Amino acid sequence: MSNRATNLLVPIVSVVLGLIVGAIIMLVSGYSPIEGYAALWNGIFGDLYTIGETLRQITPYLLAGLAVAFAFRSGLFNIGVEGQLIVGWFAAAYVGVAVELPKIIHLPLAILAAAVAGALWGFVPGLLKAKFRVHEVIVTIMMNYIALHVTNALIKTVSEGGDRTERIFASASLRSEFLENLTEFSRLHLGLLLALVMVGAMWFILEKTTLGFELKAVGFNQHASEYAGMNVNKNIILAMVISGAFAGLAGAMEALGTFEYVSSKGGFTGIGFDGIAVALLGMNTPLGVVFGATLFGSLKYGALNMPNAAGIPIEIVEIVIAVIIFFVASGYIIRLLLLRAAGKKKEAK
Amino acid sequence: MSFMDILYFIVPSAIFYAAPLILVAIGGVFSERSGVVNIGLEGLMVIGAFVGILFNLLFADTFGGMTPWLALIGAMVAALLLSLLHAVASISFRADQVVSGVAINLLAIALALYLVKSIFDKGQTDFISERFARYNVPFLSDIPVIGPLFFTSVYNTSFFAIGVAILAWFVIYKTPFGLRLRAVGEHPMAADTMGINVTRMRYVAVMISGALAGIGGAIYAQTITGDFGHATINGQGFMALAAMIFGKWHPLGAMGAALFFGFAQSLSIVGSSIPYIQEIPNVFLLILPYVLTIFALAGFIGRANAPKANGKPYIKGQR
């Protein structure tokens with residue numbers, strides 16, 4: 001079996017194993033896995049409305065996945081997508097309610113605000129990594145909590161003591177009547193197109209520009225890149241900034257598309273952490289992220305149907321996702337087993 | 001309110017909030033000193049909190065006042081088992097340790113909530129009837145100043161946590177086991193050459209971290225919240241991780257940092273009734289631990305260096 005084929009098989013095997021573990025857990029705790037997965041299926045593809053909502057759920061996952069994957073390619077682990085998403089969400093919603101402008105200016109401005117806020121939140125760990133060699137994982141985790149508390153405080157200030165902002169002006173909204181009519185009034189919005197454009201943008205940056213080449217080189221080997229005359233520090237900071245901008249855009253999807261406001265949060269949205277799963281499953285390639293986001297977005301939205309249709313707690317899907325991450329991370333052992341299985345077949349011939 | 005009254009009010013509450021953080025941070029010290037990054041502390045705490053509450057609810061009638069302590073043992077075992085998953089992935093399967101930790105966190109909260117919903121048919125458990133009780137330490141609480149500060153209406157769990165921290169310092173710095181643990185985390189190949197079983201040391205270290213995180217979670221749930229729901233732990237594990245780093249991977253340092261973070265947390269909760277402090281917007285107190293950790297890492301408050309082999313799987317024969 002070729003190396004490429006094994007690389008592709010690892011995520012597939014992981015997903016299958018994850019679903020099997022989920023089935024076993026349902027069975028052990030007295031539910032029917034067949035009913036459960038049927039409910040999940042209907043929750044994803046049941047009718048036009050659910051399909052629209054599923055696509056809506058996939059949108060932020062695409063961008064969160066891109067954010068994690070982009071940093072990964074430069075050798076950085078951005079666990080702070082969650083925090084960057086939250087500040088992006090706030091920034092977009094703030095621009096959405098603070099001013100009223102013609103749509104052609106307002107909407108791009110709100111989206112840009114989200115990207116800039118996310119980029120800023122990514123800049124801090126990038127700078128600390130470049131200047132002080134501080135491990136980005138810890139800094140980004142801390143930045144997540146800072147984002148959570150700071151945005152909550154800002155929301156309180158903006159809404160004069162309340163726990164959510166006003167609805168954004170229509171001129172900043174991503175919603176489209178066309179998409180809503182198409183999907184029986186789901187909340188599907190134009191953000192999906194923007195997310196897909198960003199998938200293309202990431203591919204373009206990584207594969208077609210000098211910047212992308214340098215970022216990947218730094219990801220492979222910092223010392224070699226430095227020896228080749230690249231500015232490693234600049235590239236580390238840039239990678240975190242771009243990654244943060246993607247994450248901020250994911251926040252804009254929630255602010256301008258799905259909810260059209262921002263409310264204070266008791267805990268994290270979880271989208272940022274699921275972005276790690278998306279990127280890993282997609283092997284950190286833009287196209288892979290599309291598959292990963294589609295899978296996890298669908299699972300997440302479809303799960304909402306499980307308590308009603310089959311009486312199964314929605315957390316079962318979270319368990320499945322966690323198990324999938326676990327197996328993808330343990331790719332070494334799956335690869336070993338696959339190779340061994342392939343080896344045996346060869347001997348039998 | 002005089003200054004001393006404020007201290008009498010805030011210091012016991014700080015110690016009370018710090019106890020679970022101390023235990024979990026010490027757990028992190030064990031794991032990371034052996035070279036295994038453990039982002040999964042949060043998840044291990046969640047499982048500890050869930051099993052602790054569940055045990056307490058199930059057996060409160062059987063064991064009476066002893067229930068919270070016995071629940072700690074249940075929580076310890078459950079979290080230890082979960083930490084084995086992290087150990088297998090990151091040591092034997094050579095998984096990225098951060099990713100495996102993230103998976104542990106997701107899995108723990110999902111599994112716990114799944115079980116809560118399956119068992120109780122609602123989003124959170126009932127409230128426990130047997131909690132850890134506050135009490136005044138006889139004689140010591142009569143000492144002026146120190147008595148009201150440290151020995152009045154205290155929890156035994158606080159003394160337990162501080163005891164564990166001192167014990168951990170002794171184990172890590174004064175015993176052959178501790179020397180081996182540190183060696184494995186700094187230079188596993190050298191340790192291997194000297195006949196130390198790197199894999200076994202790391203497994204033991206991760207299991208210790210799981211056990212302590214489980215106990216910490218159960219203490220948190222049984223002293224502070226009293227039930228288990230999705231927001232019970234809510235970042236305490238990451239706070240402990242921060243304490244471990246702020247304490248520079250040293251057990252007593254971690255304890256000091258945890259006490260300080262406990263202080264910041266209790267300030268953010270009771271601060272509104274204290275003059276001067278109520279003037280400070282709450283958000284600054286909430287983010288203080290995290291900001292300080294970033295400063296500590298950046299070297300503004302003394303350099304914090306991780307164990308050298310932290311986060312790297314050990315592959316025999318690889319240079």
# chains A, B, ... in the order shown; residues from 1 in each chain; ligands from 1
>>> closest_atom_pairs(of="chain A", to="chain B", cutoff="9 Å", atoms="only C-alpha atoms", output="CSV")
residue,atom,partner,partner_atom,distance
A:Ser29,CA,B:Ser118,CA,7.6
A:Phe77,CA,B:Val98,CA,8.8
A:Leu128,CA,B:Ala298,CA,6.6
A:Lys129,CA,B:Ala298,CA,8.8
A:Lys131,CA,B:Ala298,CA,8.7
A:Phe132,CA,B:Ala298,CA,5.9
A:Arg133,CA,B:Ala298,CA,8.0
A:Val134,CA,B:Leu297,CA,6.1
A:His135,CA,B:Leu297,CA,8.2
A:Val137,CA,B:Val98,CA,8.3
A:Ile138,CA,B:Ala242,CA,7.9
A:Val139,CA,B:Ile294,CA,5.9
A:Ile141,CA,B:Phe238,CA,7.7
A:Met142,CA,B:Tyr290,CA,5.1
A:Met143,CA,B:Tyr290,CA,7.4
A:Tyr145,CA,B:Ile287,CA,7.1
A:Ile146,CA,B:Ile287,CA,5.4
A:Ala147,CA,B:Ile287,CA,8.9
A:His149,CA,B:Val283,CA,6.1
A:Val150,CA,B:Val283,CA,6.4
A:Asn152,CA,B:Val283,CA,8.4
A:Ala153,CA,B:Val283,CA,6.3
A:Gly266,CA,B:Ala231,CA,7.7
A:Gly267,CA,B:Asn234,CA,6.9
A:Phe268,CA,B:Asn234,CA,9.0
A:Phe273,CA,B:Val102,CA,7.8
A:Ile276,CA,B:Val99,CA,8.0
A:Ala277,CA,B:Val99,CA,8.7
A:Ile312,CA,B:Ser118,CA,8.0
A:Pro313,CA,B:Tyr114,CA,5.9
A:Ile314,CA,B:Tyr114,CA,7.6
A:Glu315,CA,B:Ala110,CA,5.1
A:Ile316,CA,B:Tyr114,CA,6.5
A:Val317,CA,B:Ala110,CA,8.3
A:Glu318,CA,B:Ala110,CA,5.6
A:Ile319,CA,B:Leu107,CA,5.2
A:Val320,CA,B:Leu107,CA,8.3
A:Ile321,CA,B:Leu106,CA,8.1
A:Ala322,CA,B:Ala103,CA,4.9
A:Val323,CA,B:Ala103,CA,7.0
A:Ile324,CA,B:Ala103,CA,8.5
A:Ile325,CA,B:Ala103,CA,5.9
A:Phe326,CA,B:Ala103,CA,5.6
A:Phe327,CA,B:Ala89,CA,8.5
A:Val328,CA,B:Ala95,CA,8.5
A:Ala329,CA,B:Ala95,CA,5.0
A:Ser330,CA,B:Ala95,CA,4.6
A:Gly331,CA,B:Ala95,CA,7.1
A:Tyr332,CA,B:Phe93,CA,6.2
A:Ile333,CA,B:Phe93,CA,5.6
A:Ile334,CA,B:Phe93,CA,8.9
>>> residues_around(residues="Asn308 (chain A)", least_positions_apart="4", cutoff="12 Å", atoms="only C-alpha atoms", output="number ranges by chain")
A: 35-36, 39-40, 42-43, 302-304, 312-314
>>> write_last_selection(atoms="C-alpha atoms", output="PDB file, in the first residue's frame")
ATOM      1  CA  GLU A  35     -32.359   4.275  16.046  1.00  0.00           C
ATOM      2  CA  GLY A  36     -29.720   6.691  17.253  1.00  0.00           C
ATOM      3  CA  ALA A  39     -32.122  10.032  14.111  1.00  0.00           C
ATOM      4  CA  LEU A  40     -28.707  11.553  13.458  1.00  0.00           C
ATOM      5  CA  ASN A  42     -32.553  12.572   9.690  1.00  0.00           C
ATOM      6  CA  GLY A  43     -31.213  15.434  11.755  1.00  0.00           C
ATOM      7  CA  GLY A 302     -27.689  16.310  13.358  1.00  0.00           C
ATOM      8  CA  ALA A 303     -27.147  15.425  17.003  1.00  0.00           C
ATOM      9  CA  LEU A 304     -29.774  17.986  18.000  1.00  0.00           C
ATOM     10  CA  ILE A 312     -30.458   9.764  23.279  1.00  0.00           C
ATOM     11  CA  PRO A 313     -28.478  12.633  24.864  1.00  0.00           C
ATOM     12  CA  ILE A 314     -26.756  14.780  22.222  1.00  0.00           C
TER      13      ILE A 314
END
>>> select_by_dssp(residues="region 22-246 of chain B", states="alpha helix (DSSP H)", output="JSON, numbers by chain")
{"B": [22, 23, 24, 25, 26, 27, 28, 29, 30, 31, 32, 33, 41, 42, 43, 44, 45, 46, 47, 48, 49, 50, 51, 52, 53, 54, 55, 56, 57, 58, 59, 60, 61, 62, 63, 67, 68, 69, 70, 71, 72, 73, 74, 75, 76, 77, 78, 79, 80, 81, 82, 83, 84, 85, 86, 87, 97, 98, 99, 100, 101, 102, 103, 104, 105, 106, 107, 108, 109, 110, 111, 112, 113, 114, 115, 116, 117, 118, 119, 120, 146, 156, 157, 158, 159, 160, 161, 162, 163, 164, 165, 166, 167, 168, 169, 170, 171, 172, 173, 174, 176, 177, 178, 179, 180, 181, 182, 183, 184, 185, 186, 188, 189, 190, 191, 192, 193, 198, 199, 200, 201, 202, 203, 204, 205, 206, 207, 208, 209, 210, 211, 212, 213, 214, 215, 216, 217, 218, 219, 220, 236, 237, 238, 239, 240, 241, 242, 243, 244, 245, 246]}
>>> atom_distance(atom1="CA of Val232 (chain A)", atom2="CA of Lys216 (chain A)")
10.9 Å
>>> closest_residue(among="B:Pro251, B:Ser141, B:Ile233, B:Gly226", to="Leu167 (chain B)", atoms="only C-alpha atoms")
B:Pro251
>>> residues_around(residues="Met255 (chain B)", least_positions_apart="5", cutoff="9 Å", atoms="only C-alpha atoms", output="VMD selection string")
chain B and resid 18 to 19 21 to 23 25 to 26 161 to 162 165 to 166 243 to 244 247 250 260
>>> atom_distance(atom1="CA of Gln318 (chain B)", atom2="CA of Val10 (chain A)")
24.0 Å
>>> closest_residue(among="A:Leu188, A:Val97, A:Val199, A:Ala239", to="Thr50 (chain A)", atoms="only C-alpha atoms")
A:Leu188
>>> residues_around(residues="Pro144 (chain B)", least_positions_apart="6", cutoff="12 Å", atoms="only C-alpha atoms", output="JSON, numbers by chain")
{"B": [4, 8, 150, 151, 152]}
>>> residues_around(residues="Glu254 (chain A)", least_positions_apart="2", cutoff="12 Å", atoms="only C-alpha atoms", output="compact mmCIF listing (two decimals) with all heavy atoms, in the first residue's frame")
# COMPACT_ATOMS: atom_id res chain seq x y z
N ARG A 56 -25.38 25.72 7.47
CA ARG A 56 -25.10 26.88 8.30
C ARG A 56 -24.11 26.52 9.40
O ARG A 56 -23.17 27.24 9.70
CB ARG A 56 -26.41 27.37 8.90
CG ARG A 56 -26.31 28.70 9.53
CD ARG A 56 -26.86 28.88 10.91
NE ARG A 56 -27.48 27.79 11.58
CZ ARG A 56 -26.97 27.28 12.70
NH1 ARG A 56 -25.84 27.71 13.19
NH2 ARG A 56 -27.61 26.31 13.31
N GLN A 57 -24.31 25.33 9.98
CA GLN A 57 -23.42 24.87 11.05
C GLN A 57 -22.00 24.61 10.52
O GLN A 57 -21.01 24.81 11.22
CB GLN A 57 -24.00 23.59 11.66
CG GLN A 57 -23.25 23.08 12.87
CD GLN A 57 -23.61 23.88 14.11
OE1 GLN A 57 -24.77 24.13 14.38
NE2 GLN A 57 -22.61 24.29 14.84
N ILE A 58 -21.93 24.14 9.27
CA ILE A 58 -20.63 23.81 8.69
C ILE A 58 -19.79 25.07 8.49
O ILE A 58 -18.57 25.04 8.61
CB ILE A 58 -20.84 23.06 7.35
CG1 ILE A 58 -21.43 21.67 7.61
CG2 ILE A 58 -19.53 22.94 6.57
CD1 ILE A 58 -21.89 20.95 6.37
N THR A 59 -20.48 26.21 8.22
CA THR A 59 -19.77 27.44 7.86
C THR A 59 -18.67 27.84 8.87
O THR A 59 -17.50 27.96 8.48
CB THR A 59 -20.77 28.59 7.65
OG1 THR A 59 -21.80 28.12 6.76
CG2 THR A 59 -20.11 29.79 7.07
N PRO A 60 -19.00 28.05 10.15
CA PRO A 60 -17.92 28.42 11.07
C PRO A 60 -16.88 27.31 11.25
O PRO A 60 -15.70 27.60 11.50
CB PRO A 60 -18.65 28.71 12.39
CG PRO A 60 -19.97 28.06 12.27
CD PRO A 60 -20.31 28.03 10.83
N TYR A 61 -17.31 26.07 11.11
CA TYR A 61 -16.35 24.96 11.24
C TYR A 61 -15.30 25.03 10.15
O TYR A 61 -14.14 24.71 10.37
CB TYR A 61 -17.09 23.62 11.18
CG TYR A 61 -17.66 23.22 12.51
CD1 TYR A 61 -18.85 23.78 12.95
CD2 TYR A 61 -17.02 22.31 13.33
CE1 TYR A 61 -19.39 23.45 14.18
CE2 TYR A 61 -17.55 21.97 14.57
CZ TYR A 61 -18.73 22.55 14.97
OH TYR A 61 -19.24 22.22 16.20
N LEU A 63 -14.11 27.72 8.72
CA LEU A 63 -13.13 28.76 9.01
C LEU A 63 -12.29 28.40 10.23
O LEU A 63 -11.07 28.64 10.24
CB LEU A 63 -13.86 30.09 9.22
CG LEU A 63 -14.42 30.65 7.91
CD1 LEU A 63 -15.51 31.65 8.16
CD2 LEU A 63 -13.29 31.27 7.09
N ALA A 64 -12.92 27.82 11.25
CA ALA A 64 -12.14 27.41 12.43
C ALA A 64 -11.12 26.34 12.04
O ALA A 64 -9.97 26.35 12.50
CB ALA A 64 -13.08 26.89 13.52
N LEU A 85 -12.08 33.47 17.87
CA LEU A 85 -13.45 33.46 17.34
C LEU A 85 -14.35 34.35 18.18
O LEU A 85 -15.16 35.12 17.66
CB LEU A 85 -13.95 32.01 17.34
CG LEU A 85 -15.33 31.70 16.79
CD1 LEU A 85 -15.31 30.29 16.19
CD2 LEU A 85 -16.40 31.76 17.84
N ILE A 86 -14.17 34.26 19.50
CA ILE A 86 -15.04 35.04 20.38
C ILE A 86 -14.82 36.55 20.19
O ILE A 86 -15.78 37.31 20.10
CB ILE A 86 -14.80 34.64 21.86
CG1 ILE A 86 -15.30 33.22 22.10
CG2 ILE A 86 -15.53 35.59 22.80
CD1 ILE A 86 -14.99 32.69 23.47
N VAL A 87 -13.55 36.97 20.09
CA VAL A 87 -13.32 38.40 19.89
C VAL A 87 -13.80 38.83 18.50
O VAL A 87 -14.31 39.94 18.33
CB VAL A 87 -11.84 38.82 20.11
CG1 VAL A 87 -11.46 38.67 21.55
CG2 VAL A 87 -10.89 38.07 19.22
N GLY A 88 -13.66 37.95 17.51
CA GLY A 88 -14.16 38.25 16.17
C GLY A 88 -15.67 38.42 16.18
O GLY A 88 -16.21 39.36 15.57
N TRP A 89 -16.32 37.54 16.88
CA TRP A 89 -17.79 37.59 17.02
C TRP A 89 -18.19 38.94 17.61
O TRP A 89 -19.07 39.62 17.10
CB TRP A 89 -18.22 36.42 17.93
CG TRP A 89 -19.69 36.22 18.08
CD1 TRP A 89 -20.69 37.12 17.86
CD2 TRP A 89 -20.34 35.00 18.49
NE1 TRP A 89 -21.90 36.55 18.11
CE2 TRP A 89 -21.73 35.26 18.50
CE3 TRP A 89 -19.89 33.73 18.84
CZ2 TRP A 89 -22.67 34.28 18.85
CZ3 TRP A 89 -20.81 32.77 19.20
CH2 TRP A 89 -22.19 33.04 19.20
N PHE A 90 -17.51 39.30 18.70
CA PHE A 90 -17.86 40.57 19.35
C PHE A 90 -17.60 41.76 18.41
O PHE A 90 -18.46 42.64 18.26
CB PHE A 90 -17.07 40.76 20.65
CG PHE A 90 -17.31 42.12 21.25
CD1 PHE A 90 -18.47 42.36 21.97
CD2 PHE A 90 -16.41 43.15 21.06
CE1 PHE A 90 -18.73 43.61 22.50
CE2 PHE A 90 -16.67 44.41 21.59
CZ PHE A 90 -17.82 44.64 22.32
N ALA A 91 -16.41 41.76 17.77
CA ALA A 91 -16.04 42.90 16.93
C ALA A 91 -17.05 43.09 15.80
O ALA A 91 -17.51 44.21 15.54
CB ALA A 91 -14.64 42.70 16.37
N ALA A 92 -17.43 41.98 15.15
CA ALA A 92 -18.37 42.07 14.03
C ALA A 92 -19.72 42.58 14.51
O ALA A 92 -20.32 43.48 13.90
CB ALA A 92 -18.52 40.70 13.37
N ALA A 93 -20.18 42.03 15.63
CA ALA A 93 -21.49 42.44 16.13
C ALA A 93 -21.45 43.90 16.56
O ALA A 93 -22.41 44.65 16.34
CB ALA A 93 -21.90 41.56 17.32
N ILE A 111 -17.09 42.51 8.66
CA ILE A 111 -16.31 41.30 8.46
C ILE A 111 -14.84 41.57 8.73
O ILE A 111 -14.15 40.80 9.41
CB ILE A 111 -16.52 40.76 7.02
CG1 ILE A 111 -17.96 40.29 6.83
CG2 ILE A 111 -15.54 39.64 6.71
CD1 ILE A 111 -18.30 39.90 5.42
N ALA A 114 -13.97 41.77 12.38
CA ALA A 114 -13.83 40.45 13.00
C ALA A 114 -12.46 39.86 12.69
O ALA A 114 -11.77 39.32 13.57
CB ALA A 114 -14.93 39.52 12.50
N ILE A 168 -28.03 43.42 15.01
CA ILE A 168 -27.25 44.26 14.10
C ILE A 168 -28.17 44.86 13.03
O ILE A 168 -29.23 44.32 12.75
CB ILE A 168 -26.13 43.44 13.40
CG1 ILE A 168 -26.72 42.24 12.67
CG2 ILE A 168 -25.07 43.03 14.39
CD1 ILE A 168 -25.75 41.58 11.73
N SER A 173 -25.85 42.52 7.76
CA SER A 173 -26.23 41.12 7.88
C SER A 173 -25.78 40.30 6.67
O SER A 173 -25.74 40.78 5.54
CB SER A 173 -27.74 41.00 8.03
OG SER A 173 -28.09 39.63 8.04
N LEU A 174 -25.44 39.06 6.94
CA LEU A 174 -25.06 38.13 5.87
C LEU A 174 -26.26 37.33 5.37
O LEU A 174 -26.15 36.56 4.45
CB LEU A 174 -24.01 37.15 6.38
CG LEU A 174 -22.54 37.60 6.36
CD1 LEU A 174 -21.70 36.64 7.17
CD2 LEU A 174 -22.01 37.68 4.95
N ARG A 175 -27.40 37.52 6.02
CA ARG A 175 -28.55 36.70 5.64
C ARG A 175 -29.02 37.06 4.23
O ARG A 175 -28.89 38.20 3.80
CB ARG A 175 -29.69 36.92 6.62
CG ARG A 175 -29.32 36.40 7.98
CD ARG A 175 -30.53 36.02 8.78
NE ARG A 175 -30.08 35.55 10.09
CZ ARG A 175 -30.90 35.35 11.10
NH1 ARG A 175 -32.19 35.58 10.97
NH2 ARG A 175 -30.43 34.90 12.24
N ARG A 187 -31.57 29.23 8.71
CA ARG A 187 -30.74 30.43 8.90
C ARG A 187 -29.50 30.40 8.01
O ARG A 187 -28.51 31.07 8.30
CB ARG A 187 -30.32 30.55 10.36
CG ARG A 187 -31.46 30.97 11.27
CD ARG A 187 -31.04 30.94 12.71
NE ARG A 187 -30.74 29.59 13.15
CZ ARG A 187 -30.16 29.29 14.32
NH1 ARG A 187 -29.80 30.25 15.14
NH2 ARG A 187 -29.94 28.03 14.65
N LEU A 188 -29.52 29.58 6.97
CA LEU A 188 -28.39 29.53 6.05
C LEU A 188 -28.11 30.92 5.50
O LEU A 188 -29.02 31.63 5.11
CB LEU A 188 -28.70 28.57 4.90
CG LEU A 188 -27.61 28.39 3.85
CD1 LEU A 188 -26.36 27.81 4.48
CD2 LEU A 188 -28.07 27.50 2.71
N HIS A 189 -26.84 31.34 5.52
CA HIS A 189 -26.53 32.70 5.09
C HIS A 189 -25.35 32.71 4.12
O HIS A 189 -24.72 31.68 3.88
CB HIS A 189 -26.25 33.58 6.30
CG HIS A 189 -25.20 33.00 7.22
ND1 HIS A 189 -23.87 33.15 6.98
CD2 HIS A 189 -25.31 32.26 8.35
CE1 HIS A 189 -23.19 32.53 7.94
NE2 HIS A 189 -24.04 31.98 8.77
N LEU A 190 -25.06 33.91 3.62
CA LEU A 190 -24.03 34.04 2.58
C LEU A 190 -22.62 33.73 3.08
O LEU A 190 -21.69 33.60 2.30
CB LEU A 190 -24.07 35.46 2.01
CG LEU A 190 -25.33 35.79 1.20
CD1 LEU A 190 -25.40 37.26 0.91
CD2 LEU A 190 -25.34 34.99 -0.10
N GLY A 191 -22.48 33.62 4.40
CA GLY A 191 -21.17 33.33 4.97
C GLY A 191 -20.55 32.06 4.40
O GLY A 191 -19.33 31.95 4.30
N LEU A 192 -21.42 31.11 4.04
CA LEU A 192 -20.90 29.86 3.48
C LEU A 192 -20.03 30.13 2.26
O LEU A 192 -18.96 29.53 2.09
CB LEU A 192 -22.07 28.94 3.10
CG LEU A 192 -21.69 27.56 2.56
CD1 LEU A 192 -20.92 26.77 3.61
CD2 LEU A 192 -22.91 26.78 2.13
N ALA A 247 -9.92 32.64 12.19
CA ALA A 247 -10.76 32.35 13.36
C ALA A 247 -11.72 33.50 13.62
O ALA A 247 -12.90 33.29 13.94
CB ALA A 247 -9.90 32.10 14.58
N GLY A 248 -11.22 34.74 13.45
CA GLY A 248 -12.10 35.90 13.65
C GLY A 248 -13.26 35.88 12.66
O GLY A 248 -14.40 36.19 13.02
N LEU A 249 -12.97 35.47 11.43
CA LEU A 249 -14.03 35.37 10.41
C LEU A 249 -15.08 34.35 10.83
O LEU A 249 -16.28 34.55 10.60
CB LEU A 249 -13.44 34.98 9.06
CG LEU A 249 -12.68 36.08 8.32
CD1 LEU A 249 -12.13 35.54 7.00
CD2 LEU A 249 -13.58 37.26 8.05
N ALA A 250 -14.62 33.25 11.45
CA ALA A 250 -15.59 32.26 11.94
C ALA A 250 -16.53 32.92 12.94
O ALA A 250 -17.73 32.65 12.96
CB ALA A 250 -14.86 31.08 12.60
N GLY A 251 -15.98 33.83 13.76
CA GLY A 251 -16.82 34.56 14.69
C GLY A 251 -17.80 35.47 13.96
O GLY A 251 -18.96 35.61 14.36
N ALA A 252 -17.33 36.07 12.86
CA ALA A 252 -18.21 36.95 12.07
C ALA A 252 -19.41 36.18 11.53
O ALA A 252 -20.51 36.73 11.42
CB ALA A 252 -17.43 37.59 10.93
N LEU A 256 -22.85 37.90 12.21
CA LEU A 256 -23.55 38.56 11.10
C LEU A 256 -24.53 37.63 10.39
O LEU A 256 -25.40 38.09 9.67
CB LEU A 256 -22.54 39.10 10.08
CG LEU A 256 -21.42 39.96 10.66
CD1 LEU A 256 -20.44 40.35 9.57
CD2 LEU A 256 -22.00 41.19 11.32
N GLY A 257 -24.36 36.32 10.59
CA GLY A 257 -25.21 35.38 9.88
C GLY A 257 -26.19 34.68 10.79
O GLY A 257 -27.39 34.94 10.77
N THR A 258 -25.66 33.82 11.65
CA THR A 258 -26.52 32.93 12.41
C THR A 258 -27.36 33.67 13.45
O THR A 258 -28.57 33.53 13.50
CB THR A 258 -25.66 31.87 13.12
OG1 THR A 258 -24.83 31.26 12.14
CG2 THR A 258 -26.53 30.83 13.78
N PHE A 259 -26.68 34.45 14.32
CA PHE A 259 -27.40 35.03 15.45
C PHE A 259 -27.77 36.50 15.24
O PHE A 259 -28.75 36.97 15.77
CB PHE A 259 -26.56 34.90 16.73
CG PHE A 259 -26.36 33.47 17.15
CD1 PHE A 259 -25.21 32.78 16.81
CD2 PHE A 259 -27.35 32.81 17.85
CE1 PHE A 259 -25.04 31.46 17.20
CE2 PHE A 259 -27.18 31.49 18.24
CZ PHE A 259 -26.03 30.82 17.90
N GLU A 260 -26.93 37.24 14.56
CA GLU A 260 -27.11 38.67 14.35
C GLU A 260 -27.03 39.48 15.64
O GLU A 260 -27.58 40.57 15.74
CB GLU A 260 -28.43 38.96 13.62
CG GLU A 260 -28.46 38.35 12.22
CD GLU A 260 -29.56 38.91 11.35
OE1 GLU A 260 -30.72 38.88 11.80
OE2 GLU A 260 -29.28 39.34 10.23
N TYR A 261 -26.41 38.91 16.66
CA TYR A 261 -26.11 39.68 17.87
C TYR A 261 -25.00 38.93 18.61
O TYR A 261 -24.59 37.85 18.18
CB TYR A 261 -27.34 39.83 18.77
CG TYR A 261 -27.91 38.54 19.29
CD1 TYR A 261 -27.40 37.94 20.43
CD2 TYR A 261 -28.97 37.90 18.64
CE1 TYR A 261 -27.92 36.75 20.91
CE2 TYR A 261 -29.49 36.71 19.11
CZ TYR A 261 -28.97 36.14 20.26
OH TYR A 261 -29.46 34.96 20.72
N VAL A 262 -24.51 39.47 19.71
CA VAL A 262 -23.58 38.73 20.54
C VAL A 262 -24.08 38.80 21.98
O VAL A 262 -24.54 39.84 22.44
CB VAL A 262 -22.13 39.26 20.40
CG1 VAL A 262 -22.03 40.72 20.75
CG2 VAL A 262 -21.17 38.44 21.23
N SER A 263 -24.06 37.64 22.65
CA SER A 263 -24.51 37.63 24.04
C SER A 263 -23.36 37.15 24.92
O SER A 263 -22.43 36.52 24.42
CB SER A 263 -25.70 36.69 24.20
OG SER A 263 -25.36 35.41 23.76
N THR A 269 -17.74 28.37 23.11
CA THR A 269 -18.67 27.90 22.09
C THR A 269 -18.34 26.47 21.65
O THR A 269 -19.21 25.76 21.18
CB THR A 269 -18.59 28.78 20.84
OG1 THR A 269 -17.28 28.64 20.29
CG2 THR A 269 -18.83 30.23 21.17
N ILE A 271 -16.64 25.69 19.12
CA ILE A 271 -16.32 25.64 17.68
C ILE A 271 -14.81 25.65 17.48
O ILE A 271 -14.27 24.93 16.66
CB ILE A 271 -16.96 26.83 16.94
CG1 ILE A 271 -18.48 26.78 17.10
CG2 ILE A 271 -16.59 26.82 15.46
CD1 ILE A 271 -19.17 28.03 16.61
>>> closest_residue(among="A:Gly46, A:Arg4, A:Trp203, A:Gly22", to="Ser298 (chain A)", atoms="only C-alpha atoms")
A:Gly46
